[in-house]
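Report on the structure given below.
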Amino acid sequence: MKIEVTVNGEHQSYDVEPRMLLVHFLREVVGLTGTHVGCETSLCGACSVMLNGDAVKSCTVLAVQADGAEITTIEGLAQNGELHPIQEGFWECHGLQCGFCTPGMIIAAHQLLERNPKPNEADIRRGIEGNLCRCTGYQHIVDAVQYASKKMTR
Amino acid sequence: MPVSKSVGARIKRREDPRLIQGLAHYVDDIKLPNLLHVAILRSPYAHARINGINTDAAQNLSGVKSVVTGDDVKDVIGGIPCAATDPEGFPGIKVPHHPVLATGKVRFVGEPVAAVAATDAYIAQDALDLIEVDYEPLDAINSAEAAFADGAPIIHEDWDDNMAFTWSIAGGDVDAAFAEADHVVSQRIDHQRLVPNPMETRGVVAQYLPGKDQLNLWSSTQIPHLLRTQISVMLSMAENHVRVIAPEVGGGFGCKLNVYAEEALLGHMAKYLGQPVKWIEGRRENFLHTIHGRDQTGDVELAVKDDGTILGLRYTVSADVGAYYQLLTPAIPTLTGLMLCGSYTFKNVQMNLKAAFTNKMATDAYRGAGRPEATYLIERMIDVVAHDLDLDPLEVRRKNFIGKDAFPYETGTAVAYDSGDYTAALDKALKIADYDALREQQAELREEGRYLGIGFSTYVEICGMGPSAAMPAGGWESSTVRVDPTGKVTVLTGVSPHGQGQETTFAQLIADGLGVDIDDIRIIHGDTDTVQYGIGTFGSRATAVGGTAMVHAMGKVKDKVINIAAHLLESNPQDIVIEDDKYCVRGAPESGLTLGEIAMVAHVGVELPEGTEPGLAESHFFEPPNFTYPFGTHIAVVEVDADTGEVEIQRYIAVDDCGNIINPLIVEGQVHGGIAQGVGQALYEEAIYDESGQMITGSFMDYALPKAHNFPRFELANTVTPSPVNPMGVKGVGEAGTIGSTPAIANAVIDALKPFGVRHIDLPLRPEKLWKLMQET
Ligand code: FES
Ligand code: FES
């Protein structure tokens, strides 16, 4: 099936199998491998991307459902070589270890800060509960989101 | 340690820019021309005979290149190795053949039965549905107890029972200790089965280059070199024609410290198909067929005096090790044995272990690997003693602590603790917690029918693995440090970090040691064609052992640099110092030379002192003289909801002593993550197989990993007792959090339920269990 999507600002049309998952489309067809697969059952959040402004788990969306959509992946966050404040926060605060959950976590944080620019600690912990991290114990991720929140609302 | 600018600083990680921008390359991100995708058909039965396999329909599916079964590969791929089968250590051990694809019989749900290679991953999955396997189901065994029962079905028919191996350790005079005791305090303790669950599952890409007779194997592994050796044996290839690459690895926690069926199978398929192949494990497959942790159940007895002095310990335990051994399966419970005395002075100790084959996935090293069992057991039992004798659990600990002047200290199990000050860590934690106020608060809340609990864990662990003599597959580590002509430094390390941050901490050590900018240093790991042989990352060893190898290699480079500098500056080596990143004669910094200037001279080769080899690269292989023994005190404060049985962690205080600290930011991260995993074990996680051997907790829906809102902000602090085992004085911190936290949480929850007369509850402490207990009393 033919679909047209805008991924990280680039508009293009593709021919995809109807059963292809959005995450596989992004990784295999578009070639953006920053979005990861951790469970393929919508339970870990590693595959989170922004779809028309909402964070979605791209392992539970079909590529054809994204026809006409605007998608932002982790690769689309930094602008002109400048890290997004959330990325910066993750770096400054050691919000990652193995880094596998990180792209999805950053997308979840992005959504959270869009909805609530000044979240308190509990808001952050609730806001990222759909994303699993096995390495960090989450505390430095919370710090990273707080860092970004401060920077973005300054 | 030299005076440092970099070591000891909270330097943000150098590996992060690629990871936060989606620019890293994990196994699944590797693309090769003509890549085929492999899917694995796995047994749906825990125990069954295979009477036949028909692959015709799958073979005929468009896009399928090949289907292989156990019969196709049994003569060309050797068995999956186990490195811990020495009959001297494990008298009478049974070592079953462990095929990469089952033949004749399947022995656990998830065991690989056939593999499909196809042009597309979806087609490979489709083809699995077309393979017909004629299974004849057999009765399954889902516990050690069932395995040892009379008339139990036999899992490996070469033998007539399911006893895998026995192991024991004894020190002192246990019988005398029990004869002398005022009390014998006993408890059955269960260490439930756990699934490591790194967020990146396993994955393999294999490529065969016929012109070079070379196999390239990318695997999400913690041990690229050991894997290369084993793959070369399994595939009967020359080891120097096999290249293993651990690319970015998304967590391991021990489960990637192994050699798996798929690694050999894909190597074989790439070679015989003449096309590269990729297999990426699904999460369900990961639950079923990546090693599990723990799964011991045992009876503990402590011989105790009236005043709480512990005289001795007996532990009679069964381990359910699953259907086959993986790389280190039998070795794991031996680590439990080594650490049974914990932080305490008693030396009369005995552990007798029986391990059973069951119809489950193998157990092996999961974060902590054997030591969490020991620590949970002794720390839990201290509280049981306090309960039975009506003593304060803190006083029981203090009474039995090994004093700080006793180090190096030989335990009853003949390991030598390197250094320690257990009281200092405890005192510091109590101060942070404001312990007396907490007890008051607890008493007040109880009046209101609210149940606050305070739990301790004053752990010690065994790390920096380890002296080769005490390890199944070598315990040394390697490093090469080389300086390029322009002064850029490249380090090749035999360890294989996958989140632990050694690209940063190792660079910090080099920056200070050689007087070079941290951005001019590159740390390379995980490629057997590039890096000299090494052992890998596990057992909290990477910095203590791998870092030491690097520091020694760097020392050799530095000696040479200083010699050349002295020659160029017409001075003596002993007068050369580094000032402002320049090698100069003491007191004459203006004429100093940078590392780059000296490196260029070393490579041009004309102005060298007589007898000096050109070039600037040195290697070192470090054999540690001992393990290291980090320790600390963790205090958990929890509230158990009387209406729901839910546990809320209100505070978590961790005072850890991992020796000297190279990067506090990274150490904190390791402790946080470790605590979270130990809390998972205490409160949420359990791999459950039902009677028919089906795993009923095989997804994140049924197996609860801790989430962000399950935790309060951890309150961390350190004491610093340097280790004498290595020149940096570091101990290792990868597992401390996991080892320390499980008993702290368990003790806190049980303390909270003291008004209900609760003495012990097995983990995980899920709400329904606690709620029922509260209802019963
Ligand atoms: S991969 Fe999509 S939620 Fe886990
Ligand atoms: S950083 Fe490894 S899973 Fe989050």
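Following the order of the structure tokens, first chain is A, next is B, and so on, with residues numbered from 1 inside each chain and ligands from 1 in the order they appear.
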From region 348-492 of chain B, collect each residue whose DSSP state is strand (DSSP E) and return the set as a VMD selection string.
chain B and resid 348 to 357 409 to 410 416 to 417 451 to 460 477 to 483 489 to 492
List all protein, DNA and RNA residues that have any atom at most 7 Å from ligand 2, counting only C-alpha atoms and all ligand atoms, and write the list as a PDB file with C-alpha atoms, in the first residue's frame.
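And here's out_21.pdb as it stands now:
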ATOM      1  CA  LEU A  96      20.963   6.620  30.840  1.00  0.00           C
ATOM      2  CA  GLN A  97      23.269   3.688  31.125  1.00  0.00           C
ATOM      3  CA  CYS A  98      22.898   1.144  28.313  1.00  0.00           C
ATOM      4  CA  GLY A  99      20.840   3.688  26.399  1.00  0.00           C
ATOM      5  CA  PHE A 100      18.364   1.205  24.987  1.00  0.00           C
ATOM      6  CA  CYS A 101      15.279   2.666  26.661  1.00  0.00           C
ATOM      7  CA  THR A 102      16.560   6.213  26.203  1.00  0.00           C
ATOM      8  CA  LEU A 132      10.600   0.704  31.404  1.00  0.00           C
ATOM      9  CA  CYS A 133      14.250   1.172  32.200  1.00  0.00           C
ATOM     10  CA  ARG A 134      16.178  -1.725  33.663  1.00  0.00           C
ATOM     11  CA  CYS A 135      19.426   0.169  34.247  1.00  0.00           C
ATOM     12  CA  THR A 136      18.963   3.489  35.978  1.00  0.00           C
TER      13      THR A 136
ATOM     14  CA  PRO B 198      17.660  -6.221  29.899  1.00  0.00           C
ATOM     15  CA  MET B 199      15.647  -3.821  27.777  1.00  0.00           C
ATOM     16  CA  GLY B 250      21.507  -2.721  25.709  1.00  0.00           C
ATOM     17  CA  GLY B 251      22.089  -4.100  29.174  1.00  0.00           C
ATOM     18  CA  GLY B 499      26.063   0.719  30.213  1.00  0.00           C
TER      19      GLY B 499
END
Distance CA of Phe756 (chain B)-CA of Leu773 (chain B), one decimal place?
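Atom-to-atom, CA of Phe756 (chain B) and CA of Leu773 (chain B) are spaced 7.9 Å apart.
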Please identify every residue of chain A that has at least one atom no more than 8 Å from any atom of chain B, counting only C-alpha atoms, and report them as a PyMOL selection string.
chain A and resi 33-35+37-40+43-44+74-75+77-78+87+90-94+96-103+122+125-126+128-129+131-140
Considering only C-alpha atoms and all ligand atoms, state which residue in the set A:Gly130, A:Gly95, A:Gly31, A:Gly45 is at the smallest distance from ligand 1.
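Of A:Gly130, A:Gly95, A:Gly31, A:Gly45, the one nearest ligand 1 is A:Gly45, counting only C-alpha atoms and all ligand atoms.
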Skipping near chain neighbours, those fewer than 4 positions away, what residues fall within 8 Å of region 526-532 of chain B using only C-alpha atoms, listed as a ChimeraX atom specification?
/B:223-225,228,243-247,478-480,492-496
Residue subset to file, keeping N, CA and C atoms, as a PDB file, in the first residue's frame:
ATOM      1  N   ILE B 223      30.710 -10.924  26.748  1.00  0.00           N
ATOM      2  CA  ILE B 223      31.999 -11.635  26.747  1.00  0.00           C
ATOM      3  C   ILE B 223      32.446 -11.981  25.322  1.00  0.00           C
ATOM      4  N   PRO B 224      32.765 -10.974  24.505  1.00  0.00           N
ATOM      5  CA  PRO B 224      33.082 -11.292  23.105  1.00  0.00           C
ATOM      6  C   PRO B 224      34.215 -12.297  22.924  1.00  0.00           C
ATOM      7  N   HIS B 225      35.274 -12.207  23.716  1.00  0.00           N
ATOM      8  CA  HIS B 225      36.384 -13.127  23.497  1.00  0.00           C
ATOM      9  C   HIS B 225      36.052 -14.554  23.908  1.00  0.00           C
ATOM     10  N   ARG B 228      33.977 -15.988  21.298  1.00  0.00           N
ATOM     11  CA  ARG B 228      34.713 -16.385  20.100  1.00  0.00           C
ATOM     12  C   ARG B 228      35.347 -17.763  20.282  1.00  0.00           C
ATOM     13  N   ARG B 243      35.565 -13.739  14.181  1.00  0.00           N
ATOM     14  CA  ARG B 243      35.618 -12.403  14.766  1.00  0.00           C
ATOM     15  C   ARG B 243      34.278 -12.154  15.451  1.00  0.00           C
ATOM     16  N   VAL B 244      34.318 -11.887  16.743  1.00  0.00           N
ATOM     17  CA  VAL B 244      33.085 -11.566  17.455  1.00  0.00           C
ATOM     18  C   VAL B 244      33.096 -10.086  17.790  1.00  0.00           C
ATOM     19  N   ILE B 245      31.980  -9.446  17.517  1.00  0.00           N
ATOM     20  CA  ILE B 245      31.846  -8.027  17.834  1.00  0.00           C
ATOM     21  C   ILE B 245      30.644  -7.851  18.755  1.00  0.00           C
ATOM     22  N   ALA B 246      30.880  -7.265  19.901  1.00  0.00           N
ATOM     23  CA  ALA B 246      29.777  -6.827  20.757  1.00  0.00           C
ATOM     24  C   ALA B 246      29.574  -5.360  20.420  1.00  0.00           C
ATOM     25  N   PRO B 247      28.543  -5.036  19.663  1.00  0.00           N
ATOM     26  CA  PRO B 247      28.357  -3.625  19.318  1.00  0.00           C
ATOM     27  C   PRO B 247      27.779  -2.893  20.536  1.00  0.00           C
ATOM     28  N   SER B 478      42.839  -7.612  30.437  1.00  0.00           N
ATOM     29  CA  SER B 478      43.898  -7.109  29.563  1.00  0.00           C
ATOM     30  C   SER B 478      43.641  -5.684  29.102  1.00  0.00           C
ATOM     31  N   SER B 479      44.720  -5.037  28.727  1.00  0.00           N
ATOM     32  CA  SER B 479      44.577  -3.710  28.129  1.00  0.00           C
ATOM     33  C   SER B 479      45.814  -3.371  27.303  1.00  0.00           C
ATOM     34  N   THR B 480      45.603  -2.621  26.243  1.00  0.00           N
ATOM     35  CA  THR B 480      46.698  -2.028  25.490  1.00  0.00           C
ATOM     36  C   THR B 480      46.463  -0.527  25.480  1.00  0.00           C
ATOM     37  N   LEU B 492      42.723  -0.153  24.242  1.00  0.00           N
ATOM     38  CA  LEU B 492      41.991  -1.358  23.909  1.00  0.00           C
ATOM     39  C   LEU B 492      41.796  -2.119  25.207  1.00  0.00           C
ATOM     40  N   THR B 493      40.556  -2.333  25.575  1.00  0.00           N
ATOM     41  CA  THR B 493      40.324  -3.032  26.840  1.00  0.00           C
ATOM     42  C   THR B 493      39.597  -4.338  26.599  1.00  0.00           C
ATOM     43  N   GLY B 494      39.963  -5.330  27.374  1.00  0.00           N
ATOM     44  CA  GLY B 494      39.325  -6.641  27.252  1.00  0.00           C
ATOM     45  C   GLY B 494      37.953  -6.710  27.894  1.00  0.00           C
ATOM     46  N   VAL B 495      37.597  -5.713  28.691  1.00  0.00           N
ATOM     47  CA  VAL B 495      36.250  -5.731  29.255  1.00  0.00           C
ATOM     48  C   VAL B 495      35.270  -5.252  28.194  1.00  0.00           C
ATOM     49  N   SER B 496      34.011  -5.474  28.424  1.00  0.00           N
ATOM     50  CA  SER B 496      33.012  -5.213  27.390  1.00  0.00           C
ATOM     51  C   SER B 496      31.821  -4.462  27.976  1.00  0.00           C
TER      52      SER B 496
END
Distance in Å - CA of Glu570 (chain B) versus CA of Met554 (chain B):
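It comes out at 23.6 Å.
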Which residues are near Val415 (chain B)? Cut-off 9 Å, only C-alpha atoms, ignore same chain within fewer than 2 positions. Put them as a count of residues only.
10
